[in-house]
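Down below is the structure, laid out as structure tokens.
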2 protein chains.
Amino acid sequence: MKVTFQIEGASPVQIECNAGDNLLELARRANVAIDAPCSGNGSCGKCRVKLVEGQVESIPSRHITDEEYEAGWRLSCNTKVLGDCTVFVPDIASAYQSRMKTADLSSPKEIAIFEDTKAGLAASGIEFTNDFQALDVVMDAPSLEDTMPDNERLTWAIKGCEEVEQVHIPFTVMSKLAHTLRQHDFHVCVKGRWDADKFWCMDICGPEDRAIVGCAIDIGTTTVTMVLTDLETGKLLAKGSSGNGQIRYGADVINRIIESTRPGGQKKLQDAIIKDTLNPIIANLCRTAGISARSILRLSIGANTTMNHLLLGVDADPVRMEPYIPSFFSWEGLLASDLKLPANPLAPVVIAPNIGSYVGGDITAGTLASGIWDKEEMSLFIDLGTNGEIVFGNRDFLMSCACSAGPAFEGGDISCGMRATDGAVEACTIDKTTMEPTLSVIGDPGQKVVGICGSGIIDIISELFRCGIINARGLFAREGKRVLRDAHGMGRYVLAFPEESETGREVSINEVDIDNFIRAKGAIFSAIDTLLNSVDMTVECIDKVYVAGGIGSGINMKNAVNIGMFPDVELEKFHYIGNSSLTGAYALVMSDMAITKCAEVAANMTYLELSTYPGYMDSFVAACFLPHTDRTLFPNSVQE
Amino acid sequence: MKVTFQIEGASPVQIECNAGDNLLELARRANVAIDAPCSGNGSCGKCRVKLVEGQVESIPSRHITDEEYEAGWRLSCNTKVLGDCTVFVPDIASAYQSRMKTADLSSPKEIAIFEDTKAGLAASGIEFTNDFQALDVVMDAPSLEDTMPDNERLTWAIKGCEEVEQVHIPFTVMSKLAHTLRQHDFHVCVKGRWDADKFWCMDICGPEDRAIVGCAIDIGTTTVTMVLTDLETGKLLAKGSSGNGQIRYGADVINRIIESTRPGGQKKLQDAIIKDTLNPIIANLCRTAGISARSILRLSIGANTTMNHLLLGVDADPVRMEPYIPSFFSWEGLLASDLKLPANPLAPVVIAPNIGSYVGGDITAGTLASGIWDKEEMSLFIDLGTNGEIVFGNRDFLMSCACSAGPAFEGGDISCGMRATDGAVEACTIDKTTMEPTLSVIGDPGQKVVGICGSGIIDIISELFRCGIINARGLFAREGKRVLRDAHGMGRYVLAFPEESETGREVSINEVDIDNFIRAKGAIFSAIDTLLNSVDMTVECIDKVYVAGGIGSGINMKNAVNIGMFPDVELEKFHYIGNSSLTGAYALVMSDMAITKCAEVAANMTYLELSTYPGYMDSFVAACFLPHTDRTLFPNSVQE
């Protein structure tokens, strides 16, 4: 028999199945993304699908009302297929977006971190200057005595006001030259770029429009963030973020690559990121900044290797298949028009270079932003995203590796996860005796709880562990008013009972949430451990730890160490540097020098392939405990 | 009241009118192109339109059968509008095409002339070499021990087999790199271009496809001709021609510019030349040559200033309006992708430079081809097309001007005009006494007459004049069996009565045909005369006359002098050089040196604007006689 998934915003997908198969598992097998942060145990109620036709059998759930059930809504994790059927799957991108946390410069705190990082880069000698310029050009109008053609007239006028050997006027400017010159009485603004003593025109417009803008983009597997900056002053003009539209084709890079190899798949994945994701954000940011998209004269991209390949419409399959060969690490000469991005068609698109199949431009951009390439002290750089990437080294050497952490750090895998906005638990302490929590909730005083953001999750798990409420495996070890169990015996800790919460629904963290998080932190720590081992170093060698990613500025490093996520070093060594991929992309778009330096950093970085590295799997398994099977690694971790 | 013209292959056009207005004249006012070589005197029968609805009054015509009349067909020149009506206008481009003569290298004679001209250029030092190359590249396949990304692998392989500092791989190649390398087991052909010690890749394909092709295009106002050439050997791979699809928007450049200024007009005119004209010819030629369009690595265009502007979608209106300012004379950096031409998207499109509003790239390309820029002797270069252009000078100076000749030289204005194919009268003598013609007809022995091609027209008019059958004004002065008059008294000379012709229809030349031709030849001669005067020279100074254009290799120079079309110099000074714009374009596509030389030639050429030059109009009026009002200019012209 067959199940047809009608996916919102995508083509339908069919899969063969047997009677009794679980619908959520079938969806996963068919690579249909269904939002299921509790991983299918029925607790989160988010894996809703709507039966269009056919026969299924569902266990009733408190998450589906009678009216909804009548209308065909079911939890896919609770549903068995009984015959041929068709189900509608809502768009997962918008679901994810409501939970994701991403450092998108939307708060003053994030902007302060961004400015700090930028100042650090400047201190390392990176000048935030570039070759783009808007020229004010005034010409004599032509007459019967002065019949010079328009392009020569413009060239001479530019030569008259600037030291320039050669002026290059491209097709896009030529095709509107006659009209623009006459519309503005031969007084225009010419935007373009210097290349030694040549000037490459990129746009011509009225004398009042002098905006020259850069667009820095961080493309994460789950989230995309972007800023517009004034190329002259470096001022941030607008900023924004959204979910990566590719998410409906798979939550991780591997599933997306597989999807891209199907007929028309490359185009579909490229459209999902360009048309469905980047273009709307850019349009939105241009509106906010009050500029025309043609004023965007350079773009920069910090993205992992797979995202770079899918963005460019380049075959990504060899990245996935042994011997894991990307089409490119670095690549010069890409233009906005190649990708049909809403920007000046001649705007160069600077791709932060990849250094391996699983350490990409987001990490080289982030490493650039961290400044560790300029320091003598040994630094550890940790980027927490759907993939976790680790860089270790100093001005003399840099080692890097990647591990798959899943969407936990972006709130994607946590049933009550949410963005760090009003109602989010961002910090938590628990009284060991009463087991009652004290919550720090984002918002005005009196704000009730809606969910949990990234920094809150670390605190809660750390506190549950410290109080002995959960054991080293993340399972509940104590009973009490706030520790409940469902019909299957799965435990959860209630942060807010329905009557205490904003929404009237319980806010809790369950064993699946905790297990997801432990595996994510285990992947990170074992990657750090393996990377240090590979260069014969230990935790003691670490002078600085730079933490990047969307997990938030409010992260309690002590708690992160307490649960064995980060190595047990002095707390003052930790520095949260926000979305370093975006900061790095900002540097690349603003600074010609940063482009050169980033290429150098990438060229000097050694890539360690963990999946084939002896001992990594053992290290991972050992790290999937609180704090670790080897407690001596975490002398400061406490379970009271 | 209103007339609506439903134009085949174009948008409908409406015009206000009064009862009794002539339909052909209304069409002309509305800039609707209707085929009317006899200029509306009812003799050619080609201005057929079909009444869709409304009331008109038509004079019956032998050209419309009863069945056709019933179906609504009318001669527009014979039709008066009586009320609101709608008429269907057949596509004029195909009508023109059946009559046009263009030197499109379709005959061995034309190819011989082309080869001669090319040999002359080589003798002038132009090397037919360029920087394009197809490289055979073999790489090691990647392995776990050799994980270099594809683009670096390719770069190193090219560096391994060539002396090259830098290899540039563009987006179009990157996006198919992974697939192509694996499809061909890392043995590929890379097509591209050298730029000093850099190699710019343009395409990557299997090792067997080594074609690198140039496409040379002559875009005339009426006709377009094209050749494909092997960029390595210079061999002609395919050749073809067709009518310029813009003709439905006006027969001359002025009407087309006006049309282009209407809403959407620029795009419409650009589509007419690119989508409707160039693309089908290129596709056809690629099929003939057995190559893929991606193998076309360079294109060159010889076209007049207006054609260049309309081709590029650049506002042409300032070319038409005082002070007559083009957007550009010369322009570098244009790519096939800018025009969406079916070729390698990175193929440069070399535009032969314009030197004035009415002396364009077709003339600079033609002048290049003529070789007159390299000679000490004084040469006159005459290009006969819809516009006639004249260049005079030598290696020290070059003067040029343009005049409007109309489509007569391309057969467009002659009622029985046709291409120089089977059945065309290509030469003619007339017995003065009997007034009987002796015709030379193209085709096998016994081929009957179908119509008259360009060289035939010159002969016929010259012979009619020599025999005193027509007078100096082109009006019939003798009566006889072959001199007939219609109801209005208009005379014609019958070359073939219905029973003598191939088609069963009379083939003749009438006073309107002759008048059209006299005005065309008058425009040419007066332009030559004015240009010589402007540099204080006379006919005696001319050492060589190079005649270019579609009028054909069979042109009888003696007769052309006899009717006052060309200056009366020794016949051995005349050289027919065929379609010199196409030959020049061929040189530009094949030879990097030709591009440089053509720019030099253009830079050294002075443009004389005839329309404002004192005395030109008088000179034109004086030249509209056979041979001229001043017979002393033509001592060798005879009227026996």
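Here, A, B, ... name the chains of the structure tokens in the order displayed, residue numbers run from 1 inside each chain, and ligands are numbered from 1 in the same displayed order.
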Select from range 173-398 of chain B everything DSSP, run on the backbone, classes as strand (DSSP E), then give the selection as JSON, numbers by chain. {"B": [187, 188, 189, 190, 191, 192, 193, 194, 195, 198, 199, 200, 201, 202, 203, 204, 205, 213, 214, 215, 216, 217, 218, 219, 223, 224, 225, 226, 227, 228, 229, 230, 236, 237, 238, 239, 240, 241, 242, 243, 296, 297, 298, 299, 300, 301, 302, 303, 349, 350, 351, 379, 380, 381, 382, 383, 384, 387, 388, 389, 390, 391, 392, 393, 398]}
Distance limit 8 Å, atoms considered: only C-alpha atoms. Which chain A residues sit that close to chain B? Return them as a count of residues only. 33
Helix (DSSP H, G or I) residues, from DSSP on the backbone, in range 89-334 of chain B, as a PyMOL selection string: chain B and resi 92-97+108-123+150-161+171-183+245-249+253-260+265-289+293-295+305-312+317-320
Output for the residues just chosen: C-alpha atoms as a short mmCIF file (atom, residue, chain, number, x, y, z; two decimals), in the first residue's frame:
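Heads up, here's the output in again.cif:
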data_model
loop_
_atom_site.label_atom_id
_atom_site.label_comp_id
_atom_site.auth_asym_id
_atom_site.auth_seq_id
_atom_site.Cartn_x
_atom_site.Cartn_y
_atom_site.Cartn_z
CA ILE B 92 5.80 41.54 -44.46
CA ALA B 93 9.09 39.98 -43.43
CA SER B 94 8.44 36.81 -45.41
CA ALA B 95 7.24 38.87 -48.39
CA TYR B 96 10.42 40.94 -48.37
CA GLN B 97 12.52 37.87 -48.00
CA PRO B 108 30.53 29.78 -54.94
CA LYS B 109 31.03 33.19 -56.57
CA GLU B 110 30.26 34.99 -53.33
CA ILE B 111 32.52 32.68 -51.41
CA ALA B 112 35.32 33.35 -53.89
CA ILE B 113 34.83 37.10 -53.36
CA PHE B 114 34.84 36.54 -49.61
CA GLU B 115 38.08 34.55 -49.82
CA ASP B 116 39.67 37.24 -52.00
CA THR B 117 38.74 39.96 -49.53
CA LYS B 118 40.07 37.85 -46.67
CA ALA B 119 43.33 37.28 -48.56
CA GLY B 120 43.58 41.04 -49.07
CA LEU B 121 43.20 41.61 -45.34
CA ALA B 122 45.88 39.06 -44.61
CA ALA B 123 48.11 40.86 -47.10
CA ASP B 150 36.92 19.66 -8.06
CA ASN B 151 37.77 23.23 -8.98
CA GLU B 152 41.27 23.02 -7.54
CA ARG B 153 41.77 19.66 -9.21
CA LEU B 154 40.84 21.14 -12.57
CA THR B 155 43.00 24.21 -12.00
CA TRP B 156 46.05 22.11 -11.16
CA ALA B 157 45.47 19.85 -14.14
CA ILE B 158 45.35 22.84 -16.50
CA LYS B 159 48.45 24.28 -14.88
CA GLY B 160 50.08 20.89 -15.36
CA CYS B 161 49.66 20.94 -19.12
CA PHE B 171 29.75 30.12 -12.46
CA THR B 172 28.44 28.47 -15.62
CA VAL B 173 31.31 25.97 -15.55
CA MET B 174 31.28 25.52 -11.74
CA SER B 175 27.64 24.59 -11.75
CA LYS B 176 28.25 21.58 -13.98
CA LEU B 177 31.80 20.78 -12.92
CA ALA B 178 31.11 17.92 -10.48
CA HIS B 179 28.77 16.16 -12.88
CA THR B 180 30.91 16.60 -16.01
CA LEU B 181 34.14 15.44 -14.36
CA ARG B 182 32.48 12.27 -13.08
CA GLN B 183 30.52 11.62 -16.28
CA GLY B 245 12.19 40.58 -38.12
CA GLN B 246 11.92 44.25 -37.16
CA ILE B 247 10.65 45.04 -40.63
CA ARG B 248 7.07 44.68 -39.48
CA TYR B 249 7.65 47.71 -37.27
CA VAL B 253 15.43 53.06 -39.14
CA ILE B 254 13.44 56.21 -38.35
CA ASN B 255 10.11 54.42 -38.17
CA ARG B 256 11.65 51.70 -36.02
CA ILE B 257 13.08 54.20 -33.57
CA ILE B 258 9.67 55.88 -33.30
CA GLU B 259 8.11 52.45 -32.71
CA SER B 260 10.71 51.71 -30.03
CA GLY B 265 8.69 49.29 -27.74
CA GLN B 266 12.36 48.86 -26.90
CA LYS B 267 11.73 45.30 -25.76
CA LYS B 268 9.52 44.61 -28.80
CA LEU B 269 12.16 45.77 -31.28
CA GLN B 270 14.88 43.88 -29.39
CA ASP B 271 12.80 40.70 -29.37
CA ALA B 272 12.13 41.08 -33.09
CA ILE B 273 15.81 41.04 -33.92
CA ILE B 274 17.05 38.62 -31.23
CA LYS B 275 14.24 36.14 -30.62
CA ASP B 276 12.58 36.26 -34.03
CA THR B 277 15.63 36.69 -36.25
CA LEU B 278 19.04 35.89 -34.79
CA ASN B 279 18.10 32.97 -32.55
CA PRO B 280 16.43 30.89 -35.29
CA ILE B 281 19.33 31.48 -37.70
CA ILE B 282 21.92 30.58 -35.07
CA ALA B 283 19.98 27.44 -34.13
CA ASN B 284 19.75 26.49 -37.76
CA LEU B 285 23.43 27.09 -38.43
CA CYS B 286 24.42 25.10 -35.34
CA ARG B 287 22.35 22.19 -36.64
CA THR B 288 23.98 22.44 -40.05
CA ALA B 289 27.46 22.60 -38.54
CA ALA B 293 25.43 26.58 -29.35
CA ARG B 294 27.61 26.53 -26.20
CA SER B 295 30.59 26.02 -28.51
CA THR B 305 24.06 52.63 -35.37
CA THR B 306 20.30 52.27 -34.99
CA MET B 307 20.40 48.49 -35.40
CA ASN B 308 23.10 48.34 -32.74
CA HIS B 309 20.99 50.38 -30.31
CA LEU B 310 17.83 48.40 -30.96
CA LEU B 311 19.73 45.11 -30.70
CA LEU B 312 21.12 46.05 -27.32
CA ASP B 317 15.54 58.03 -29.62
CA PRO B 318 18.42 60.47 -29.04
CA VAL B 319 19.95 59.09 -32.27
CA ARG B 320 16.89 60.34 -34.16
#
I'd like the contact shell of range 73-83 of chain B - 8 Å cut-off, only C-alpha atoms, skipping same-chain residues fewer than 4 positions apart - returned as a VMD selection string. chain B and resid 1 to 2 18 to 25 40 to 42 45 to 51 54 to 61 64 68 to 69
If you count only C-alpha atoms, which residues fall within 12 Å of Gly446 in chain B, apart from same-chain ones fewer than 3 positions away, as a JSON list (two decimals) with C-alpha atoms, in the first residue's frame?
[["chain", "number", "residue", "atom", "x", "y", "z"],
["B", 422, "ASP", "CA", 16.47, 30.44, -60.54],
["B", 423, "GLY", "CA", 14.35, 32.49, -62.93],
["B", 439, "LEU", "CA", 17.83, 38.16, -71.16],
["B", 440, "SER", "CA", 20.34, 36.30, -69.09],
["B", 441, "VAL", "CA", 18.28, 34.20, -66.69],
["B", 442, "ILE", "CA", 19.72, 32.35, -63.71],
["B", 443, "GLY", "CA", 19.15, 28.60, -63.86],
["B", 449, "VAL", "CA", 11.70, 34.23, -66.36],
["B", 500, "GLU", "CA", 6.77, 33.58, -71.86],
["B", 501, "SER", "CA", 7.15, 33.58, -68.07],
["B", 502, "GLU", "CA", 7.57, 30.71, -65.65]]
Can you list, as an MDAnalysis selection string, every protein, DNA or RNA residue that comes within 12 Å of Asp513 in chain B when you count only C-alpha atoms, leaving out same-chain residues fewer than 6 positions away? chainID B and resid 36:41 43:44 407:409 411:417 452 457:458 460:461 474:475 490:493 519:520
Write to file, as a short mmCIF file (atom, residue, chain, number, x, y, z; two decimals), in the first residue's frame, the residues of the selection just made, with N, CA and C atoms.
data_model
loop_
_atom_site.label_atom_id
_atom_site.label_comp_id
_atom_site.auth_asym_id
_atom_site.auth_seq_id
_atom_site.Cartn_x
_atom_site.Cartn_y
_atom_site.Cartn_z
N ALA B 36 4.53 46.86 -50.57
CA ALA B 36 3.98 47.61 -51.71
C ALA B 36 5.10 48.12 -52.60
N PRO B 37 5.78 47.20 -53.27
CA PRO B 37 6.94 47.61 -54.08
C PRO B 37 6.59 48.60 -55.19
N CYS B 38 5.34 48.56 -55.69
CA CYS B 38 5.03 49.51 -56.76
C CYS B 38 4.55 50.84 -56.17
N SER B 39 4.65 50.96 -54.86
CA SER B 39 4.33 52.20 -54.16
C SER B 39 2.88 52.62 -54.32
N GLY B 40 2.01 51.69 -54.53
CA GLY B 40 0.59 52.01 -54.45
C GLY B 40 -0.07 52.36 -55.76
N ASN B 41 0.50 51.96 -56.89
CA ASN B 41 -0.18 52.28 -58.14
C ASN B 41 -1.00 51.11 -58.69
N SER B 43 -0.06 48.14 -59.60
CA SER B 43 0.53 47.29 -60.63
C SER B 43 1.17 46.01 -60.09
N CYS B 44 1.65 46.02 -58.85
CA CYS B 44 2.39 44.85 -58.39
C CYS B 44 1.50 43.81 -57.71
N PRO B 407 14.84 50.58 -50.10
CA PRO B 407 15.16 49.16 -50.31
C PRO B 407 15.39 48.77 -51.77
N ALA B 408 15.55 49.77 -52.67
CA ALA B 408 15.65 49.44 -54.10
C ALA B 408 16.81 48.50 -54.40
N PHE B 409 17.98 48.75 -53.77
CA PHE B 409 19.15 47.93 -54.09
C PHE B 409 19.02 46.51 -53.57
N GLY B 411 16.15 45.02 -53.84
CA GLY B 411 15.00 44.48 -54.56
C GLY B 411 13.67 44.79 -53.91
N GLY B 412 13.68 45.54 -52.82
CA GLY B 412 12.47 45.74 -52.04
C GLY B 412 11.45 46.66 -52.68
N ASP B 413 11.89 47.52 -53.59
CA ASP B 413 11.00 48.55 -54.12
C ASP B 413 10.62 48.31 -55.57
N ILE B 414 10.92 47.14 -56.09
CA ILE B 414 10.71 46.87 -57.51
C ILE B 414 9.60 45.82 -57.63
N SER B 415 8.59 46.12 -58.46
CA SER B 415 7.39 45.28 -58.44
C SER B 415 7.69 43.84 -58.81
N CYS B 416 8.57 43.59 -59.75
CA CYS B 416 8.90 42.22 -60.11
C CYS B 416 10.26 41.80 -59.57
N GLY B 417 10.71 42.51 -58.55
CA GLY B 417 12.01 42.19 -57.96
C GLY B 417 12.02 40.81 -57.33
N ILE B 452 13.09 39.85 -61.54
CA ILE B 452 14.31 40.60 -61.85
C ILE B 452 15.13 40.74 -60.57
N ILE B 457 18.16 44.79 -62.86
CA ILE B 457 17.47 46.09 -62.89
C ILE B 457 18.38 47.17 -63.47
N ILE B 458 19.63 47.19 -63.03
CA ILE B 458 20.58 48.19 -63.53
C ILE B 458 20.72 48.05 -65.04
N ILE B 460 18.65 46.65 -67.20
CA ILE B 460 17.43 46.97 -67.93
C ILE B 460 17.26 48.49 -68.05
N ILE B 461 17.43 49.20 -66.93
CA ILE B 461 17.25 50.66 -66.97
C ILE B 461 18.30 51.29 -67.87
N GLY B 474 13.21 58.98 -66.81
CA GLY B 474 12.75 57.62 -66.57
C GLY B 474 11.35 57.35 -67.07
N LEU B 475 10.83 58.25 -67.90
CA LEU B 475 9.48 58.05 -68.45
C LEU B 475 9.59 57.46 -69.85
N MET B 490 0.30 54.95 -67.17
CA MET B 490 1.64 54.64 -66.71
C MET B 490 2.27 53.57 -67.58
N GLY B 491 3.47 53.87 -68.05
CA GLY B 491 4.13 52.96 -68.96
C GLY B 491 4.90 51.86 -68.26
N ARG B 492 5.07 50.75 -68.96
CA ARG B 492 5.92 49.67 -68.47
C ARG B 492 6.57 48.97 -69.64
N TYR B 493 7.70 48.34 -69.38
CA TYR B 493 8.40 47.57 -70.40
C TYR B 493 8.29 46.11 -70.02
N ARG B 519 15.74 57.49 -57.81
CA ARG B 519 15.95 58.22 -56.56
C ARG B 519 17.03 57.55 -55.71
N ALA B 520 17.04 56.21 -55.74
CA ALA B 520 18.07 55.49 -54.97
C ALA B 520 19.46 55.78 -55.52
#
Quick one: residues within 6 Å of range 204-211 of chain B, only C-alpha atoms counted, chain neighbours fewer than 4 positions away excluded, as number ranges by chain? B: 134, 188-190, 295
Which residues, written as a list in words, have at least one atom at most 7 Å from Phe186 in chain A, with only C-alpha atoms counted and residues fewer than 5 positions away on the same chain left out?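 Listing them by chain and then by number gives Val138, Met139, Asp140, Ala141 and Leu181 of chain A.
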CA of Met399 in chain A and CA of Trp373 in chain A, how far apart in Å?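 If I compute the distance from CA of Trp373 in chain A to CA of Met399 in chain A, I get 11.1 Å.
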